[in-house]
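Accompanying notes for the structure given below.
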Amino acid sequence: MATTAVPAHAAHINEHAFDEQSGIWGWLTTVDHKRIGVLYLFTALAFFIIGGLEAEIIRLQLQGPNGHIVSAELYNQLFTMHGTTMIFLAVMPLSAAFFNFLIPLQIGARDVAFPRLNAFSYWVYVFGGIFITLPILFNVAPNGGWFGYAPLTTKLFAPGLNIDFWVIGLQILGVSSLAAAFNFITTIINLRAPGMSLMRMPMFTWMSFIVQFMLILAFPVITIALVFLLLDRFFGTQFYETAAGADPLLWQHLFWIFGHPEVYILILPAFGLVSEVLPTFSRKPLFGYPVMVYSGMLIGVLGFGVWAHHMFAVGLGPIGDSVFSLVTMLIAIPTGVKIFNWIATMVQGQLRFTTSMMFGIGLIALFTIGGISGVMHSSPPADLQQTDTYFIVAHIHYVLFGGSIMGIFAGIYLYFPKITGRLMDEKLGKIHFWINFVGMNLTFFPMHFSGMLGMPRRIYTYDSGQGWDTFNLMSSIGAYILAVATLIFAYNFLKSRKRGEIAGSNPWGAGTLEWTIPSPPPEYNFAVLPTVTSRYPLWEGDERDAESARINSQEGKTAEDLHIVMPYNTIKPAIVAGGLVIMFSGLIFAKALIFLGAALMVTSLYSWLLSPLEPEHH
Amino acid sequence: MKGNSRLRQILTPGLIIMLALAFTAGAQTYPNSTFQPHSELGRSIDFLWNRLFLLATIVFVLVEGALIYVIFRYRHTGKETEKPPQTHGHAVLEVIWTLIPALILLFIAVPTVRIIFQTQAKVAAGALEIDVIGHQWWWEFRYPEYNITTANEIYIPVGRTVNFKLNSNDVNHSFWTPELGGKRDLIPNHTNYIWFTPDSTMKSSVWNGFCTEYCGTSHGKMRFRVFTVQPAEFASWVAGQQRPATFGATAPAVPAPASAPTVAPPPSNGAQLASLPVGYTFPHNQPEFAYAKPNTPIPADLNFTKGLTGSAARGMQVYSSAACIGCHAINGNPSSVGVVGPNLTHFGSRSTIAAGNFPNTPAYLALWIKNARKMKPGVIMPTLGLNEYDPQLKKPVEKAMGGLDDQQIADIVAYLSSLK
């Protein structure tokens, strides 16, 4: 392991960092952003595995023509939940795990701006996730697709509980995302260490910053769309009732005004992670930092102006088609710039192919394919042969698996030592990478063919003799290979957490602030708030950076030793979250629960707001 | 520009050969390919696709090539003595690789906008209008010009522009025949159009069509067929469809022995087919059209008594007093005027049943009538077989609920099959 030389002074690990918070109660009541990040990480990985299992059943069903492993009803629930789970319960929260763990460390802060609100976001996410996931065990899971097009999701065409769970579940999850977004925006604006100007922030924090703005602009739109649907379903309004004259395009517009920014919400954090990985393992600063920031902003802004490219088949008319087509093509430019700048970052570097680096390069290679096919359906006439076929399924998986998931794996391998104090097994990691890489391409590349050869998506079975059998068999084999890769990752993750090599504060020789402090970091993060004079304090900083790093790398001191005031642990955010979810679920189970949940939420919120965050300063 | 065209000269034939090998191995292998357009709409799209694919390939090769080069060129050797040069960026380079993608996109954007306006222009006068109405999970087709209503199968003449007027009766659907052109959504309260002209040089053929907008339980089973036929054949088919159901009036009890289709060879050109007997149907049973013949398996627990012979006359009686008439219409049968389900007037002339999911043979039809819900999940068509378990009602069908025994079903099958 020549590439990961451990500094001698870091030969022991601070196993006691979280002593006073240990045990289940400690985890339930924590307001420490790092521990909340870890909670997000474990929970999201669990949902990633659940979403993956749903995908495996889908691929079993489609392995050959006229498959009948599951019924049409269950299949429709499975593909709906696969999409919903992966987007809302796996990829977004995996990004949130990094927001939580990393943003305060990267900007030199001791916690997020609102630690208890942070805990609240997490608990809302967990409870909402359970709420929307459990119904599949009872064959009443949401079955309207992750996009939930009305009028198929209205009471007339979906009288069961399935869509109720979806509407309410997404509404709950939206609360979590919005609360977290406001929290991170405040944190980044207000809690940066001295000298940490905006244009010195690490690229992951920058991309996260942009994503938080996208969240607070996009989620209100889906919230409104969902409230309309909820009112329709439970209180008989007629926003989407076609019999009363509603135009179904209302839902589609509202959904995609949210849905397309959502795509960038899913990918930008991964872009941020890769922008940390590539410089670290090239031993070079990120190429074209300002352009990377501006291109991220441009993607964020343009991302709100392209929603109707999901709707080229609905008959927008030639002007609408042209405008949305051109803006969609525009967005390829800043995305392309990012790709070129990443490659330029590696040029003249000294590339070390750690697992993290391999996943980072994997993102560039695979996202490029997804980006190219994206341009292919930015052309509306061409898209009329592509939309709602497996070609699009291939595209979104090259973007979300080849992009987001590869980036997140790169981030996990990079930051695992910071989170746990131990390195993940590099040998297993590389096996994971290669099996994952082969499985990913074998699963999704043939879908380009099955799509262009006429296979519609979201069909629970297909007939023989249509020219799709071979491609589907390949995709299914690829999916089984992906399952093996994920098992290897899970084993490595769990094993290394307990028995991995001790990492030390900066095992990779990285340059940013989070690598100046012990691994895992003490609860207060920084013994002294660092003074920042450059983008890579450990690489290019002056003596002030070095002095901060020297003090902050010292281990073993408690917050009391240093007279640092940290927030109290509290269960109240979890109870408020529980009350919120009980209140919502009352719509389905029993009206009394609405009042019970509301009472619980309001009283515990009241108590939360009146109790002090932290001991008085002295 | 010169270099670009040189590159094109080298790449285009290579790509075309690759595509040809990969995708045009004949309609038999890939019967729903988007790479074999048979209409001007399909060809416009194909033109864009070829350009997109060419540029995509160039970008792909350059980017991935650069990435691979960099990976091998700058690997850490362990021999480096000092830090690599700490470059922070290069303004000129970054401007260049902002402008190059913009330039490439221009080559896509211009033809895109041109083709958008060209393909969405108002349809030319004299087009054949076909109203397409989506239902969960079947297709209603109407020819207002000829006053014909049919289901799940359409005939269109080659060389004449067809303007599809798209609407939905319930949820969103999407109308797609990959080999004939792009798709367009069927949306309730929202009329859409898509038009194209099947190539006039094409011989009579059949194409698979699909619903491509998720529309509920049996979305995967919502299929249709498009028969592109010679003008004379189309005229003959129209004339046949315009007649009321012939059973009981003029038609013999057995199907017409010398019906035109089995005699007429698939013509290469419609010119010599000036007059065909009324009631042309496409000879769909030829091996070259095997892809249009459904292979959907029958549920294992669905059986029908062997050796029953149905009587069409009795079948008409049973049909006309059973639940059938509540949903189905048959012109010529005054008691059958339902509008919920497919119009069955010329049911016997269709090649498939259940929205393209089973061949239209007595055996499949009998099972379908007996328990449609087992054969196609979620359908509105109720289970009719006596003592059959209804998967939606979750109980067996009783006599009082209108349950039919196998003999009665066989009679209905005989009746419907005779409606050529």
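Each chain in the structure tokens gets a letter, A, B and so on, in the order shown; residues start at 1 in every chain, and ligands are counted from 1 in the order they appear.
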
* **Within 10 Å of Ile325 (chain B) using only C-alpha atoms, minus same-chain residues under 4 positions, as an MDAnalysis selection string** => chainID B and resid 319:321 329:330 333:341

Keeping N, CA, C and O atoms, export the residues of the selection given above as a PDB file, in the first residue's frame.
```pdb
ATOM      1  N   TYR B 319     -74.963 -14.417 -27.376  1.00  0.00           N
ATOM      2  CA  TYR B 319     -74.285 -13.122 -27.343  1.00  0.00           C
ATOM      3  C   TYR B 319     -75.282 -12.005 -27.067  1.00  0.00           C
ATOM      4  O   TYR B 319     -75.047 -11.127 -26.225  1.00  0.00           O
ATOM      5  N   SER B 320     -76.406 -12.063 -27.772  1.00  0.00           N
ATOM      6  CA  SER B 320     -77.344 -10.949 -27.705  1.00  0.00           C
ATOM      7  C   SER B 320     -78.116 -10.897 -26.394  1.00  0.00           C
ATOM      8  O   SER B 320     -78.804  -9.925 -26.108  1.00  0.00           O
ATOM      9  N   SER B 321     -78.024 -11.955 -25.606  1.00  0.00           N
ATOM     10  CA  SER B 321     -78.716 -11.914 -24.322  1.00  0.00           C
ATOM     11  C   SER B 321     -77.735 -11.946 -23.154  1.00  0.00           C
ATOM     12  O   SER B 321     -78.143 -11.935 -21.998  1.00  0.00           O
ATOM     13  N   ALA B 329     -70.336  -3.174 -29.571  1.00  0.00           N
ATOM     14  CA  ALA B 329     -71.286  -2.848 -30.643  1.00  0.00           C
ATOM     15  C   ALA B 329     -70.997  -3.730 -31.841  1.00  0.00           C
ATOM     16  O   ALA B 329     -69.839  -4.043 -32.139  1.00  0.00           O
ATOM     17  N   ILE B 330     -72.067  -4.182 -32.500  1.00  0.00           N
ATOM     18  CA  ILE B 330     -71.947  -4.876 -33.784  1.00  0.00           C
ATOM     19  C   ILE B 330     -72.978  -4.254 -34.708  1.00  0.00           C
ATOM     20  O   ILE B 330     -74.187  -4.397 -34.477  1.00  0.00           O
ATOM     21  N   ASN B 333     -76.400  -5.942 -35.635  1.00  0.00           N
ATOM     22  CA  ASN B 333     -77.030  -6.648 -34.522  1.00  0.00           C
ATOM     23  C   ASN B 333     -77.673  -5.583 -33.645  1.00  0.00           C
ATOM     24  O   ASN B 333     -76.989  -4.914 -32.866  1.00  0.00           O
ATOM     25  N   PRO B 334     -78.964  -5.382 -33.780  1.00  0.00           N
ATOM     26  CA  PRO B 334     -79.609  -4.218 -33.148  1.00  0.00           C
ATOM     27  C   PRO B 334     -79.509  -4.213 -31.630  1.00  0.00           C
ATOM     28  O   PRO B 334     -79.597  -3.153 -31.014  1.00  0.00           O
ATOM     29  N   SER B 335     -79.292  -5.360 -30.993  1.00  0.00           N
ATOM     30  CA  SER B 335     -79.225  -5.334 -29.536  1.00  0.00           C
ATOM     31  C   SER B 335     -77.821  -5.012 -29.033  1.00  0.00           C
ATOM     32  O   SER B 335     -77.619  -4.773 -27.849  1.00  0.00           O
ATOM     33  N   SER B 336     -76.829  -5.006 -29.934  1.00  0.00           N
ATOM     34  CA  SER B 336     -75.447  -4.832 -29.499  1.00  0.00           C
ATOM     35  C   SER B 336     -74.966  -3.429 -29.836  1.00  0.00           C
ATOM     36  O   SER B 336     -74.500  -3.159 -30.936  1.00  0.00           O
ATOM     37  N   VAL B 337     -75.087  -2.524 -28.864  1.00  0.00           N
ATOM     38  CA  VAL B 337     -74.750  -1.125 -29.142  1.00  0.00           C
ATOM     39  C   VAL B 337     -73.844  -0.523 -28.065  1.00  0.00           C
ATOM     40  O   VAL B 337     -73.751   0.683 -27.935  1.00  0.00           O
ATOM     41  N   GLY B 338     -73.176  -1.369 -27.295  1.00  0.00           N
ATOM     42  CA  GLY B 338     -72.313  -0.852 -26.223  1.00  0.00           C
ATOM     43  C   GLY B 338     -71.129  -0.074 -26.784  1.00  0.00           C
ATOM     44  O   GLY B 338     -70.726  -0.274 -27.927  1.00  0.00           O
ATOM     45  N   VAL B 339     -70.615   0.847 -25.976  1.00  0.00           N
ATOM     46  CA  VAL B 339     -69.495   1.661 -26.453  1.00  0.00           C
ATOM     47  C   VAL B 339     -68.264   1.563 -25.543  1.00  0.00           C
ATOM     48  O   VAL B 339     -67.263   2.215 -25.797  1.00  0.00           O
ATOM     49  N   VAL B 340     -68.351   0.754 -24.498  1.00  0.00           N
ATOM     50  CA  VAL B 340     -67.221   0.692 -23.560  1.00  0.00           C
ATOM     51  C   VAL B 340     -66.062  -0.101 -24.152  1.00  0.00           C
ATOM     52  O   VAL B 340     -64.899   0.272 -24.027  1.00  0.00           O
ATOM     53  N   GLY B 341     -66.393  -1.188 -24.834  1.00  0.00           N
ATOM     54  CA  GLY B 341     -65.349  -2.067 -25.365  1.00  0.00           C
ATOM     55  C   GLY B 341     -65.210  -1.903 -26.868  1.00  0.00           C
ATOM     56  O   GLY B 341     -65.894  -1.088 -27.490  1.00  0.00           O
TER      57      GLY B 341
END
```

* Which residues, written as a list in words, have at least one atom at most 12 Å from Ala245 (chain B), with only C-alpha atoms counted and residues fewer than 4 positions away on the same chain left out? ->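 Here the answer would be Gly240, Gln241, Ala249, Thr250, Ala251, Gly279, Met316, Ala329, Ile330, Asn331, Gly332, Asn333, Pro334, Ser336, Asn343, Leu344, Thr345, His346, Phe347, Gly348, Ser349, Tyr415, Leu416, Ser417, Ser418, Leu419 and Lys420 of chain B.
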
* **Exercise: Ile369 (chain A) partners within 9 Å, only C-alpha atoms, chain neighbours under 2 positions left out, as a PyMOL selection string** => (chain A and resi 364-367+371-374+395+398-399+402) or (chain B and resi 56+60)

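For the atom pair formed by CA of Ser505 (chain A) and CA of Arg422 (chain A), the distance is 10.1 Å, given to one decimal.
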
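Residues in contact with Leu156 (chain A) at 12 Å, where only C-alpha atoms are counted and same-chain residues fewer than 3 positions away are skipped, are listed as A:Ala150, A:Pro151, A:Leu152, A:Thr153, A:Pro159, A:Gly160, A:Ile163, A:Asp232, A:Arg233, A:Phe234, A:Gly236, A:Gln238, A:Tyr240, A:Glu241, A:Thr242, A:Ala243, A:Ala244, B:Asp170, B:Val171.
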
For the selection you just gave me, I'd like the residues written to a file as a tab-separated table (two decimals), in the first residue's frame, keeping N, CA, C and O atoms.
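Saved result, again26.tsv, follows:
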```tsv
chain	number	residue	atom	x	y	z
A	150	ALA	N	-50.78	12.28	-13.53
A	150	ALA	CA	-52.23	12.35	-13.52
A	150	ALA	C	-52.66	12.30	-14.99
A	150	ALA	O	-51.93	12.77	-15.85
A	151	PRO	N	-53.84	11.77	-15.30
A	151	PRO	CA	-54.88	11.31	-14.38
A	151	PRO	C	-54.74	9.85	-13.92
A	151	PRO	O	-55.62	9.39	-13.21
A	152	LEU	N	-53.67	9.16	-14.31
A	152	LEU	CA	-53.54	7.77	-13.87
A	152	LEU	C	-53.48	7.66	-12.35
A	152	LEU	O	-53.85	6.66	-11.76
A	153	THR	N	-53.00	8.73	-11.70
A	153	THR	CA	-52.86	8.69	-10.25
A	153	THR	C	-54.06	9.29	-9.52
A	153	THR	O	-54.04	9.39	-8.30
A	159	PRO	N	-57.90	3.77	-7.45
A	159	PRO	CA	-58.72	3.88	-6.24
A	159	PRO	C	-58.05	3.31	-4.99
A	159	PRO	O	-58.45	3.65	-3.89
A	160	GLY	N	-57.01	2.51	-5.13
A	160	GLY	CA	-56.41	1.85	-3.97
A	160	GLY	C	-55.57	2.79	-3.13
A	160	GLY	O	-55.50	4.00	-3.38
A	163	ILE	N	-51.33	4.87	-4.41
A	163	ILE	CA	-50.89	6.23	-4.73
A	163	ILE	C	-50.95	7.12	-3.48
A	163	ILE	O	-50.17	8.06	-3.35
A	232	ASP	N	-57.21	16.34	-4.35
A	232	ASP	CA	-58.08	15.59	-5.26
A	232	ASP	C	-58.45	14.24	-4.67
A	232	ASP	O	-59.60	13.83	-4.69
A	233	ARG	N	-57.46	13.55	-4.15
A	233	ARG	CA	-57.68	12.17	-3.71
A	233	ARG	C	-58.44	12.10	-2.39
A	233	ARG	O	-59.23	11.19	-2.17
A	234	PHE	N	-58.20	13.06	-1.52
A	234	PHE	CA	-58.80	12.93	-0.18
A	234	PHE	C	-59.99	13.86	0.02
A	234	PHE	O	-60.84	13.60	0.86
A	236	GLY	N	-61.73	15.56	-2.75
A	236	GLY	CA	-62.64	15.70	-3.87
A	236	GLY	C	-62.48	16.96	-4.70
A	236	GLY	O	-63.40	17.35	-5.41
A	238	GLN	N	-60.73	19.05	-7.93
A	238	GLN	CA	-60.71	18.56	-9.32
A	238	GLN	C	-59.55	19.15	-10.13
A	238	GLN	O	-59.71	19.45	-11.29
A	240	TYR	N	-56.97	17.65	-11.22
A	240	TYR	CA	-56.52	16.73	-12.27
A	240	TYR	C	-57.66	15.85	-12.78
A	240	TYR	O	-57.41	14.88	-13.48
A	241	GLU	N	-58.91	16.17	-12.41
A	241	GLU	CA	-60.02	15.33	-12.85
A	241	GLU	C	-60.37	15.67	-14.29
A	241	GLU	O	-60.97	16.71	-14.57
A	242	THR	N	-60.03	14.78	-15.19
A	242	THR	CA	-60.29	15.08	-16.60
A	242	THR	C	-61.78	15.15	-16.89
A	242	THR	O	-62.20	15.90	-17.76
A	243	ALA	N	-62.57	14.40	-16.14
A	243	ALA	CA	-64.02	14.44	-16.36
A	243	ALA	C	-64.56	15.84	-16.08
A	243	ALA	O	-65.58	16.25	-16.64
A	244	ALA	N	-63.85	16.59	-15.22
A	244	ALA	CA	-64.29	17.95	-14.92
A	244	ALA	C	-63.56	18.96	-15.79
A	244	ALA	O	-63.62	20.16	-15.55
B	170	ASP	N	-59.39	7.79	-21.23
B	170	ASP	CA	-59.16	7.65	-19.78
B	170	ASP	C	-57.85	8.33	-19.36
B	170	ASP	O	-57.86	9.49	-19.01
B	171	VAL	N	-56.74	7.59	-19.40
B	171	VAL	CA	-55.47	8.16	-18.95
B	171	VAL	C	-54.59	8.45	-20.17
B	171	VAL	O	-55.02	8.24	-21.30
```
